[in-house]
$ cat protein_34.txt   # compact mmCIF, C-alpha atoms
# COMPACT_ATOMS: atom_id res chain seq x y z
CA LYS A 1309 -6.90 -5.70 17.84
CA SER A 1310 -5.72 -2.15 17.24
CA MET A 1311 -3.29 -1.66 14.35
CA LEU A 1312 -1.60 1.25 16.13
CA ILE A 1313 0.00 1.62 19.54
CA THR A 1314 -0.09 5.28 20.59
CA THR A 1315 1.74 6.55 23.64
CA ILE A 1316 1.89 10.17 24.74
CA GLU A 1317 4.93 11.21 26.80
CA ASN A 1318 5.84 14.83 27.60
CA ASN A 1319 3.24 16.07 25.10
CA ILE A 1320 4.78 14.00 22.29
CA ALA A 1321 2.68 11.28 20.64
CA ILE A 1322 4.51 8.18 19.44
CA VAL A 1323 2.36 6.32 16.92
CA GLN A 1324 3.65 2.80 16.27
CA LEU A 1325 2.34 0.70 13.39
CA ASN A 1326 1.32 -2.66 14.83
CA ASN A 1327 0.05 -5.08 12.18
CA GLY A 1328 2.01 -8.31 12.53
CA LYS A 1329 5.69 -8.80 11.87
CA VAL A 1330 5.93 -6.71 8.67
CA ASN A 1331 3.23 -4.08 9.33
CA ALA A 1332 1.42 -4.73 6.04
CA ILE A 1333 -0.88 -1.83 5.15
CA SER A 1334 -4.39 -3.24 5.54
CA HIS A 1335 -7.69 -1.41 5.33
CA GLN A 1336 -8.04 -1.37 9.12
CA LEU A 1337 -4.52 0.07 9.49
CA VAL A 1338 -5.17 3.01 7.14
CA LYS A 1339 -8.53 3.74 8.77
CA GLU A 1340 -6.88 3.88 12.20
CA LEU A 1341 -4.00 5.97 10.86
CA LYS A 1342 -6.39 8.50 9.37
CA GLU A 1343 -8.49 8.70 12.57
CA SER A 1344 -5.35 8.91 14.73
CA PHE A 1345 -3.86 11.88 12.84
CA LEU A 1346 -7.20 13.70 12.71
CA SER A 1347 -7.59 13.30 16.48
CA LEU A 1348 -3.93 14.28 17.15
CA THR A 1349 -4.45 17.41 15.02
CA ALA A 1350 -7.42 18.34 17.20
CA ASN A 1351 -5.63 17.52 20.48
CA PRO A 1352 -4.13 20.73 21.99
CA SER A 1353 -2.08 18.80 24.55
CA VAL A 1354 -0.01 17.03 21.84
CA ASP A 1355 2.86 19.21 20.59
CA GLY A 1356 4.32 16.84 17.99
CA VAL A 1357 4.19 13.30 16.57
CA ILE A 1358 6.64 10.49 15.82
CA LEU A 1359 5.49 7.72 13.47
CA THR A 1360 7.42 4.48 13.82
CA GLY A 1361 7.29 0.71 13.19
CA HIS A 1362 8.81 -2.46 14.65
CA THR A 1363 12.55 -3.07 14.92
CA GLY A 1364 13.57 -4.31 11.48
CA ALA A 1365 10.28 -3.42 9.83
CA PHE A 1366 8.67 -0.06 9.36
CA SER A 1367 6.11 -1.38 6.86
CA ALA A 1368 6.41 -3.84 3.98
CA GLY A 1369 3.80 -1.90 1.98
CA LEU A 1370 0.24 -2.76 0.99
CA ASP A 1371 -1.35 -5.98 2.20
CA VAL A 1372 -1.44 -7.58 -1.27
CA ILE A 1373 -3.18 -10.72 0.01
CA GLU A 1374 -6.05 -8.56 1.33
CA GLN A 1375 -6.05 -6.47 -1.87
CA ALA A 1376 -6.35 -9.58 -4.08
CA GLN A 1377 -9.51 -10.68 -2.26
CA MET A 1378 -11.30 -7.31 -2.25
CA SER A 1379 -14.46 -6.59 -4.20
CA GLU A 1380 -14.54 -3.45 -6.35
CA ALA A 1381 -16.48 -1.56 -3.65
CA ALA A 1382 -14.05 -2.67 -0.93
CA THR A 1383 -11.07 -1.64 -3.10
CA HIS A 1384 -12.61 1.79 -3.62
CA ALA A 1385 -13.23 2.18 0.14
CA PHE A 1386 -9.63 1.14 0.86
CA TRP A 1387 -8.18 3.78 -1.47
CA VAL A 1388 -10.40 6.54 -0.10
CA ASP A 1389 -9.12 5.69 3.40
CA TYR A 1390 -5.47 5.23 2.36
CA TYR A 1391 -5.52 8.59 0.55
CA GLY A 1392 -7.37 10.02 3.58
CA ALA A 1393 -4.60 8.82 5.89
CA LEU A 1394 -1.95 10.44 3.66
CA GLN A 1395 -4.00 13.64 3.59
CA ALA A 1396 -4.40 13.72 7.40
CA MET A 1397 -0.66 13.11 7.90
CA VAL A 1398 0.44 15.77 5.39
CA ARG A 1399 -2.01 18.24 6.91
CA TYR A 1400 -0.80 17.60 10.47
CA PRO A 1401 0.32 21.17 11.36
CA LYS A 1402 2.81 20.60 14.18
CA PRO A 1403 6.27 18.94 14.09
CA PHE A 1404 6.07 15.40 12.68
CA VAL A 1405 9.09 13.08 12.51
CA CYS A 1406 9.22 9.58 11.05
CA ALA A 1407 11.45 6.98 12.71
CA ILE A 1408 11.98 4.39 9.96
CA THR A 1409 12.94 1.38 12.05
CA GLY A 1410 13.45 -1.05 9.17
CA PHE A 1411 12.45 -1.84 5.60
CA ALA A 1412 9.84 0.50 4.13
CA PRO A 1413 9.24 -0.20 0.43
CA ALA A 1414 6.32 0.96 -1.78
CA GLY A 1415 3.25 1.91 0.31
CA GLY A 1416 5.53 1.97 3.38
CA THR A 1417 7.77 4.56 1.68
CA ILE A 1418 4.79 6.79 0.98
CA LEU A 1419 3.70 6.85 4.65
CA THR A 1420 7.16 8.16 5.59
CA LEU A 1421 7.02 10.94 2.98
CA CYS A 1422 4.19 12.68 4.84
CA ALA A 1423 6.52 13.60 7.71
CA ASP A 1424 8.60 16.78 8.05
CA TYR A 1425 11.80 14.83 8.76
CA ARG A 1426 12.82 11.17 8.37
CA ILE A 1427 15.44 9.15 10.25
CA MET A 1428 16.20 5.67 8.90
CA ALA A 1429 17.83 2.61 10.42
CA GLU A 1430 21.07 1.72 8.71
CA GLU A 1431 21.06 -2.07 8.23
CA PRO A 1432 21.75 -4.13 5.07
CA LYS A 1433 18.15 -5.33 4.63
CA HIS A 1434 16.54 -1.97 5.29
CA VAL A 1435 15.43 -0.38 2.04
CA ILE A 1436 13.05 2.32 0.89
CA GLY A 1437 11.64 3.17 -2.56
CA MET A 1438 9.08 2.26 -5.19
CA HIS A 1439 9.63 -1.13 -6.83
CA GLU A 1440 6.15 -1.66 -8.29
CA PHE A 1441 7.48 -2.18 -11.83
CA LYS A 1442 9.03 -5.46 -10.68
CA LEU A 1443 5.45 -6.76 -10.51
CA SER A 1444 4.00 -4.60 -13.33
CA MET A 1445 1.85 -2.76 -10.80
CA ILE A 1446 0.58 0.79 -11.21
CA VAL A 1447 1.60 3.33 -8.59
CA PRO A 1448 -1.68 5.11 -7.68
CA GLU A 1449 -1.81 8.85 -8.39
CA LEU A 1450 -1.39 10.33 -4.93
CA MET A 1451 1.42 7.90 -4.09
CA MET A 1452 3.17 8.84 -7.34
CA ASP A 1453 2.65 12.54 -6.56
CA LEU A 1454 4.32 12.21 -3.14
CA TRP A 1455 7.21 10.20 -4.63
CA CYS A 1456 7.76 12.78 -7.40
CA TYR A 1457 7.45 15.66 -4.92
CA THR A 1458 10.25 14.11 -2.86
CA LEU A 1459 12.72 13.17 -5.59
CA GLY A 1460 11.69 15.38 -8.51
CA GLU A 1461 9.79 13.92 -11.47
CA GLN A 1462 12.76 12.77 -13.53
CA LYS A 1463 14.65 11.05 -10.73
CA ALA A 1464 11.47 9.54 -9.32
CA PHE A 1465 10.47 8.02 -12.66
CA GLN A 1466 14.00 6.78 -13.41
CA ALA A 1467 14.12 5.06 -10.01
CA LEU A 1468 10.69 3.55 -10.74
CA GLN A 1469 11.87 2.22 -14.13
CA ASN A 1470 14.71 0.44 -12.36
CA ALA A 1471 12.40 -0.69 -9.52
CA LYS A 1472 15.15 0.75 -7.35
CA LEU A 1473 15.12 0.22 -3.61
CA PHE A 1474 17.48 2.58 -1.80
CA SER A 1475 19.71 1.61 1.11
CA ALA A 1476 19.73 4.00 4.07
CA GLN A 1477 22.97 5.59 2.80
CA GLU A 1478 21.57 6.03 -0.74
CA ALA A 1479 18.29 7.40 0.65
CA LEU A 1480 20.29 9.94 2.68
CA GLU A 1481 22.25 11.00 -0.42
CA GLU A 1482 19.00 11.54 -2.35
CA ASN A 1483 17.34 13.37 0.59
CA ILE A 1484 14.58 10.74 0.78
CA VAL A 1485 15.63 10.59 4.44
CA GLN A 1486 17.44 13.32 6.37
CA ALA A 1487 19.42 11.22 8.84
CA ILE A 1488 20.51 7.60 9.32
CA ALA A 1489 21.58 5.72 12.44
CA PRO A 1490 21.97 2.21 13.87
CA ALA A 1491 18.51 0.67 14.35
CA ASP A 1492 18.54 0.94 18.15
CA GLN A 1493 19.21 4.70 18.00
CA VAL A 1494 16.57 5.73 15.45
CA LEU A 1495 13.72 6.42 17.86
CA GLY A 1496 15.98 8.34 20.28
CA LEU A 1497 17.24 10.55 17.45
CA ALA A 1498 13.68 11.13 16.24
CA LYS A 1499 12.76 12.35 19.73
CA LYS A 1500 15.84 14.60 19.79
CA HIS A 1501 14.96 16.17 16.45
CA LEU A 1502 11.35 16.66 17.49
CA GLU A 1503 12.43 18.33 20.73
CA LYS A 1504 14.64 20.69 18.70
CA CYS A 1505 11.60 21.60 16.54
CA LEU A 1506 9.57 22.19 19.72
CA GLU A 1507 12.08 24.81 20.88
CA VAL A 1508 10.68 27.03 18.11
CA TYR A 1509 7.64 29.06 19.20
CA ALA A 1510 4.75 26.85 18.04
CA PRO A 1511 2.84 29.41 15.91
CA VAL A 1512 6.10 30.18 14.06
CA TYR A 1513 6.74 26.49 13.32
CA ILE A 1514 3.15 25.86 12.22
CA GLU A 1515 2.96 28.86 9.88
CA SER A 1516 6.44 28.22 8.43
CA LYS A 1517 5.55 24.57 7.84
CA ARG A 1518 2.38 25.62 6.01
CA LEU A 1519 4.27 28.08 3.81
CA ALA A 1520 7.14 25.68 3.07
CA ARG A 1521 4.84 22.85 1.98
CA LYS A 1522 2.32 24.62 -0.24
CA GLN A 1523 2.94 22.20 -3.13
CA LEU A 1524 2.67 19.19 -0.85
CA LEU A 1525 -0.56 20.47 0.73
CA ALA A 1526 -2.01 21.13 -2.75
CA LEU A 1527 -1.26 17.51 -3.72
CA VAL A 1528 -3.48 16.14 -0.94
CA ASP A 1529 -6.15 18.84 -1.21
CA ARG A 1530 -8.10 16.94 -3.87
CA ASP A 1531 -11.23 14.88 -4.37
CA LEU A 1532 -10.06 11.59 -2.81
CA ASP A 1533 -13.22 9.76 -3.85
CA GLN A 1534 -12.66 10.62 -7.51
CA MET A 1535 -8.99 9.62 -7.35
CA ALA A 1536 -9.97 6.29 -5.78
CA SER A 1537 -12.56 5.71 -8.55
CA GLU A 1538 -9.99 6.42 -11.25
CA PHE A 1539 -7.53 3.96 -9.72
CA VAL A 1540 -10.19 1.26 -9.32
CA ALA A 1541 -11.04 1.70 -13.03
CA THR A 1542 -7.40 1.00 -14.02
CA GLY A 1543 -7.46 -2.13 -11.86
CA LYS A 1544 -10.23 -3.69 -13.95
CA ASP A 1545 -7.66 -4.78 -16.55
CA PRO A 1546 -7.88 -8.62 -16.47
CA GLU A 1547 -4.12 -9.02 -17.00
CA LEU A 1548 -3.41 -6.73 -14.04
CA LYS A 1549 -5.88 -8.66 -11.87
CA LYS A 1550 -4.16 -11.91 -12.81
CA ARG A 1551 -0.76 -10.51 -11.82
CA VAL A 1552 -2.01 -9.26 -8.44
CA GLN A 1553 -3.64 -12.66 -7.75
CA ALA A 1554 -0.42 -14.48 -8.72
CA PHE A 1555 1.68 -12.25 -6.45
CA ALA A 1556 -0.76 -12.75 -3.55
CA ALA A 1557 -0.57 -16.53 -4.06
CA GLN A 1558 3.23 -16.32 -3.97
CA LEU A 1559 3.12 -14.39 -0.70
CA LYS A 1560 0.74 -16.91 0.88
CA GLN A 1561 3.27 -19.68 0.27
CA LYS A 1562 6.03 -17.82 2.17

$ encode --input "protein_34.txt" --output "structure tokens"
Amino acid sequence: KSMLITTIENNIAIVQLNNGKVNAISHQLVKELKESFLSLTANPSVDGVILTGHTGAFSAGLDVIEQAQMSEAATHAFWVDYYGALQAMVRYPKPFVCAITGFAPAGGTILTLCADYRIMAEEPKHVIGMHEFKLSMIVPELMMDLWCYTLGEQKAFQALQNAKLFSAQEALEENIVQAIAPADQVLGLAKKHLEKCLEVYAPVYIESKRLARKQLLALVDRDLDQMASEFVATGKDPELKKRVQAFAAQLKQK
């Protein structure tokens, strides 16, 4: 089945992640995400995009169970496509809003950071941030770059050291998200914000977006294959492998 549900209404594309209850980031999901944003970029009848998830879950992050079973070649292919999806989303030239409908830790956080504007559901269980140190996992380079771009290097690394997950209110205070709302209002507010962006003459928005995000565009304008190879090389550490396998086993029991 498709990992994305895309609907186009009034020239606005709503791209909903659709991989089970928690929207784990699998290889198929990132491939579809990359292809979707490349085709939306090329589609003149789409004026803007909203990326969203399920109620209660935007995305729980990488599919660790799938990751633990991958061969080296499959792992490399996954990272090329995951980085490719991030690249396609960051490069999307028109207005792009993320409606964070629920929890969005780790790899889920990074998907949201590609958007121009983020609105997050305000519920006790809904968190965002990078908590990889809890499991002694490395944050891959491009993910780390996007996290540091958003928070600034010092804050980003301090949050990582504490494996800090931010509530909606905390994420708003740190400008990780730009607005918060009750879960049932998030998508409506995302549409409202997008419509406001669409009131700006499109060439003005597109050129201003390009100029305002030079650093961000430079981060994704890299050799993705090489970055994937470098990350795969770090993953060869037997102790790291053991930890990933143990975490995957834990998840399977849930």

$ closest_atom_pairs --input "protein_34.txt" --of "range 1378-1475 of chain A" --to "range 1331-1343 of chain A" --cutoff "8 Å" --atoms "all atoms listed in the file" --output "tab-separated table"
residue	atom	partner	partner_atom	distance
A:Phe1386	CA	A:His1335	CA	5.5
A:Asp1389	CA	A:Lys1339	CA	5.7
A:Tyr1390	CA	A:Val1338	CA	5.3
A:Gly1392	CA	A:Lys1342	CA	6.1
A:Ala1393	CA	A:Lys1342	CA	3.9
A:Leu1394	CA	A:Lys1342	CA	7.5
A:Ala1396	CA	A:Lys1342	CA	5.9
A:Met1397	CA	A:Lys1342	CA	7.5
A:Gly1415	CA	A:Ile1333	CA	7.4
A:Gly1416	CA	A:Ile1333	CA	7.7

$ axis_aligned_box --input "protein_34.txt" --around "range 1347-1357 of chain A" --padding-each-side "6 Å" --output "AutoDock Vina command-line options"
--center_x -1.6 --center_y 17.0 --center_z 19.8 --size_x 23.9 --size_y 19.4 --size_z 21.5

$ atom_distance --input "protein_34.txt" --atom1 "CA of Ile1322 in chain A" --atom2 "CA of Phe1345 in chain A"
11.3 Å

$ closest_residue --input "protein_34.txt" --among "A:Glu1374, A:Val1540, A:Asn1327, A:Leu1359" --to "Ala1557 in chain A" --atoms "only C-alpha atoms"
A:Glu1374

$ closest_residue --input "protein_34.txt" --among "A:Ile1418, A:Val1508, A:Phe1465, A:Leu1443" --to "Leu1548 in chain A" --atoms "all atoms listed in the file"
A:Leu1443

$ residues_near_point --input "protein_34.txt" --point "(-2.9, 1.8, 17.5)" --cutoff "6 Å" --atoms "all atoms listed in the file" --output "ChimeraX atom specification"
/A:1310-1314

$ atom_distance --input "protein_34.txt" --atom1 "CA of Val1552 in chain A" --atom2 "CA of Phe1539 in chain A"
14.4 Å

$ closest_residue --input "protein_34.txt" --among "A:Cys1406, A:Leu1525, A:Ile1446, A:Val1323" --to "Asp1545 in chain A" --atoms "only C-alpha atoms"
A:Ile1446

$ closest_residue --input "protein_34.txt" --among "A:Asn1351, A:Thr1458, A:Gly1356, A:Ile1488" --to "Glu1507 in chain A" --atoms "all atoms listed in the file"
A:Gly1356

$ residues_near_point --input "protein_34.txt" --point "(10.7, 3.3, -7.2)" --cutoff "9 Å" --atoms "all atoms listed in the file" --output "list in words"
Pro1413, Ala1414, Ile1436, Gly1437, Met1438, His1439, Glu1440, Phe1441, Trp1455, Ala1464, Phe1465, Gln1466, Ala1467, Leu1468, Gln1469, Asn1470, Ala1471, Lys1472, Leu1473 and Phe1474 of chain A

$ atom_distance --input "protein_34.txt" --atom1 "CA of Gly1369 in chain A" --atom2 "CA of Gln1493 in chain A"
23.2 Å

$ residues_around --input "protein_34.txt" --residues "Ala1541 in chain A" --least-positions-apart "3" --cutoff "12 Å" --atoms "all atoms listed in the file" --output "PyMOL selection string"
chain A and resi 1380-1381+1383-1384+1446+1448+1534-1538+1544-1546+1548-1549

$ write_last_selection --input "protein_34.txt" --atoms "C-alpha atoms" --output "compact mmCIF listing (two decimals), in the frame of the given file"
# COMPACT_ATOMS: atom_id res chain seq x y z
CA GLU A 1380 -14.54 -3.45 -6.35
CA ALA A 1381 -16.48 -1.56 -3.65
CA THR A 1383 -11.07 -1.64 -3.10
CA HIS A 1384 -12.61 1.79 -3.62
CA ILE A 1446 0.58 0.79 -11.21
CA PRO A 1448 -1.68 5.11 -7.68
CA GLN A 1534 -12.66 10.62 -7.51
CA MET A 1535 -8.99 9.62 -7.35
CA ALA A 1536 -9.97 6.29 -5.78
CA SER A 1537 -12.56 5.71 -8.55
CA GLU A 1538 -9.99 6.42 -11.25
CA LYS A 1544 -10.23 -3.69 -13.95
CA ASP A 1545 -7.66 -4.78 -16.55
CA PRO A 1546 -7.88 -8.62 -16.47
CA LEU A 1548 -3.41 -6.73 -14.04
CA LYS A 1549 -5.88 -8.66 -11.87

$ closest_residue --input "protein_34.txt" --among "A:Leu1506, A:Cys1422, A:Ala1520, A:Val1330" --to "Asp1371 in chain A" --atoms "only C-alpha atoms"
A:Val1330

$ closest_residue --input "protein_34.txt" --among "A:Met1445, A:Ala1412, A:Asp1529, A:Glu1503" --to "Asn1318 in chain A" --atoms "all atoms listed in the file"
A:Glu1503

$ residues_around --input "protein_34.txt" --residues "Ala1554 in chain A" --least-positions-apart "3" --cutoff "12 Å" --atoms "all atoms listed in the file" --output "number ranges by chain"
A: 1372-1373, 1375-1377, 1443-1444, 1547-1551, 1557-1561

$ residues_around --input "protein_34.txt" --residues "Leu1527 in chain A" --least-positions-apart "6" --cutoff "12 Å" --atoms "all atoms listed in the file" --output "PyMOL selection string"
chain A and resi 1391+1394-1395+1398-1399+1422+1449-1457+1521+1535

$ decode --input "protein_34.txt" --residues "range 1429-1449 of chain A" --atoms "C-alpha atoms" --output "short mmCIF file (atom, residue, chain, number, x, y, z; two decimals), in the first residue's frame"
data_model
loop_
_atom_site.label_atom_id
_atom_site.label_comp_id
_atom_site.auth_asym_id
_atom_site.auth_seq_id
_atom_site.Cartn_x
_atom_site.Cartn_y
_atom_site.Cartn_z
CA ALA A 1429 -0.67 19.81 18.52
CA GLU A 1430 -0.64 20.70 22.18
CA GLU A 1431 -1.23 17.46 24.11
CA PRO A 1432 0.74 15.97 27.04
CA LYS A 1433 2.18 13.04 25.05
CA HIS A 1434 3.12 15.07 22.00
CA VAL A 1435 6.85 15.74 21.96
CA ILE A 1436 9.50 16.75 19.47
CA GLY A 1437 13.32 16.62 19.63
CA MET A 1438 16.38 14.42 19.31
CA HIS A 1439 16.70 11.77 22.03
CA GLU A 1440 19.18 9.45 20.30
CA PHE A 1441 21.67 9.59 23.21
CA LYS A 1442 19.16 7.65 25.33
CA LEU A 1443 20.03 4.67 23.11
CA SER A 1444 23.67 5.66 22.36
CA MET A 1445 22.75 6.17 18.71
CA ILE A 1446 24.56 8.51 16.34
CA VAL A 1447 22.54 11.29 14.74
CA PRO A 1448 23.46 11.11 11.01
CA GLU A 1449 25.16 14.20 9.56
#
